[in-house]
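Engineer: Encoded as structure tokens, here's the structure I'll be asking about.
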Amino acid sequence: MYRLLSSAEKRHMHLLEYLNRQRREVSLEDIVDALEVSKKTILSDFAYFDEEFQKLFFISTSETGGYRLFYRYGYNIKTCYKAIYKKSLTIQFVAKLFFKPGRKIKDWAHELYLSENTIYRMIKQFNEAFSDIDIHIITNEVSIQGAKEAYTRLFAGYFFEEVFDLYYWPFLDIDQEVIVQMADSFPKKYGRILTERQIHRISIITAMSFLRMNQGFLIKEDVTIHNEQAIMEHEEQMTEKLQAAIDFPLYESWKTELAATVMFFNIAWDSEGEKQRTTEFANDFIDVIQEKLKIKLIPEARENLINGLLGNYTLYKIFPFEGIFVPRNPFLQTARLAEQYPDFIKVVHEELQKLEKKTQFPFNSKLFYVALETLFAEWEFLTVQLDKKRTPVRILAASSLSVTHSSNMKEILQTQFFYKVQVDVYKDTLYSLKKKSDIFDDYDIVITDLFMPELPLEKLFLTDVIFSDKQLLELENRIRYIQLKSGV
């Protein structure tokens with residue numbers, strides 16, 4: 001919903017994104033240069049953050065004038081995005097409009113304590129923002145409509161998912177538990193295993209479909225319903241349950257309407273041949289990744305992964321959401337994945353580029369991050385396999401207290417870091433170790449409780465008798481830094 005934000009709200013989001021990327025304090029001058037605004041504007045934004053969002057995060061200021069973003073416990077950049085969205089008057093208006101269509105401009109101005117000109121301005125902003133998917137607000141009897149009603153319902157699902165928290169339920173007249181059960185059950189009949197976020201999104205779309213039917217917004221476009229009969233058979237037993245869960249009459253053709261909305265992963269296919277070709281592309285894509293990186297994928301996970309990739313294709317084909325919905329800061333996430341798994345990201349990027357060139361479909365230019373998200377969500381033990389391909393960090397545990405203490409350190413390190421480390425115990429005295437400085441060449445890290453000037457500082461790691469949480473965190477960062485040099 002970034003498109004609906006005001007210029008100030010967009011700047012607030014950019015400022016948070018910039019501070020979130022930094023791993024150190026940054027000067028006011030650096031922030032000004034990055035956002036291309038004045039110092040006065042940035043300081044005003046900081047004051048606004050402190051007033052409106054102090055429960056979510058704070059920005060510290062050091063004695064040297066540096067600034068750094070810190071989140072309160074339990075919050076992150078995504079919760080901050082949603083907080084900015086919820087503050088937006090335009091987004092508040094759109095959220096209410098789904099439930100109160102057909103009212104006059106003056107009625108909305110009265111309810112929201114805004115001028116009629118402001119309401120017109122928000123409508124104009126919305127219509128310009130989503131003209132590319134042909135979803136707009138009409139002004140005579142104010143309501144959200146689209147060239148295709150199914151798109152309007154899909155839009156609603158993404159809108160509420162991006163703006164509000166997971167499992168936020170805005171439908172006071174519809175029982176959430178029944179709809180969630182329904183949204184989770186029928187995709188499974190067609191080999192679709194959904195994530196919690198996808199179940200929530202389809203629940204919103206399902207409930208919105210019932211609401212829109214009751215409001216008189218029906219699917220008039222010619223849509224081939226591949227699974228209408230299956231839904232009718234599967235949901236026949238739920239008709240009574242649904243009617244009890246919804247405080248208004250069910251539309252007589254609700255099964256057809258619902259199939260045309262939520263079964264987008266079958267509606268989008270122009271032919272069975274297109275589906276077969278795309279499935280082959282997805283299988284070839286996975287095969288190449290397996291072959292190049294020498295990693296495995298169990299058959300059950302492969303089926304879920306293929307369905308996920310096909311779902312990305314069909315959803316984007318009928319509803320090009322890229323550039324409209326950005327709830328997970330994809331560019332930052334991709335950069336982090338590229339830092340941790342550079343070889344994997346490189347292979348995925350290259351293969352999606354080839355696939356895009358071959359099919360003229362934006363697999364890489366528009367859906368790169370979506371594909372990455374699907375791979376990491378559905379490929380069982382993917383990160384473990386990638387991590388195991390790295391050379392273990394070689395550690396020597398050498399205690400001045402006893403060999404037993406060194407062995408205890410080894411046990412802790414192997415329990416904490418598993419396959420990421422290979423730990424040896426030095427069984428002689430530290431005095432003798434000083435005379436064997438060439439042994440240091442065999443290790444990346446030497447952990448000891450005494451400072452040893454003979455040991456290169458980049459290899460020395462001093463510890464207490466028992467590792468503190470801080471020391472384990474420092475050691476984890478050191479191990480990650482050494483392993484990242486090896487790629488994968």
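Ordering of the structure tokens sets the chain letters (A, B, ...); residue numbers start at 1 within each chain; ligands are numbered from 1 in the order shown.
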Using only C-alpha atoms, tabulate the residues of stretch 40-120 of chain A lying at most 9 Å from any atom of stretch 156-175 of chain A, each with its closest atom pair and that distance in Å to one decimal, by chain and increasing residue number, as a Markdown table.
Structural biologist:
```
| residue | atom | partner | partner_atom | distance |
| --- | --- | --- | --- | --- |
| A:Thr79 | CA | A:Asp165 | CA | 8.0 |
| A:Tyr81 | CA | A:Val163 | CA | 8.1 |
| A:Lys82 | CA | A:Val163 | CA | 5.2 |
| A:Ala83 | CA | A:Val163 | CA | 8.1 |
| A:Ile84 | CA | A:Val163 | CA | 8.9 |
| A:Tyr85 | CA | A:Val163 | CA | 5.8 |
| A:Lys86 | CA | A:Val163 | CA | 6.6 |
| A:Ile91 | CA | A:Val163 | CA | 8.2 |
| A:Ala95 | CA | A:Phe160 | CA | 7.8 |
| A:Phe98 | CA | A:Ala156 | CA | 8.1 |
| A:Phe99 | CA | A:Phe171 | CA | 8.5 |
```
Engineer: Extract, using only C-alpha atoms, all DNA, RNA and protein residues at most 9 Å from stretch 347-355 of chain A, discarding same-chain residues fewer than 2 positions from it, and format them as a list in words.
Structural biologist: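 What passes the distance filter is Phe281, Phe285, Val288, Ile289, Lys292, Leu293, Pro342, Asp343, Phe344, Ile345, Lys357, Lys358, Thr359, Gln360, Phe361, Pro362, Phe363, Asn364, Ser365, Leu367, Phe368, Ala371 and Leu372 of chain A.
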Engineer: For atom CA of A:Ala338 and atom CA of A:Leu56, quote the distance in Å rounded to one decimal.
Structural biologist: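 It comes out at 28.0 Å.
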Engineer: Which residue out of A:Gln414, A:Thr139, A:Thr448, A:Ser60 has the minimum interatomic distance to A:Leu19 when only C-alpha atoms are used?
Structural biologist: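 Of A:Gln414, A:Thr139, A:Thr448, A:Ser60, the one nearest A:Leu19 is A:Ser60, counting only C-alpha atoms.
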Engineer: Please determine, counting only C-alpha atoms, which residue among A:Ala398, A:Leu4, A:Ala245, A:Val384 has the shortest atom-to-atom distance to A:Ile295.
Structural biologist: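 Distance minimum relative to A:Ile295 lands on A:Val384.
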Engineer: In Å, with one decimal, what is the gap from atom CA of A:Lys346 to atom CA of A:Glu303?
Structural biologist: 23.6 Å
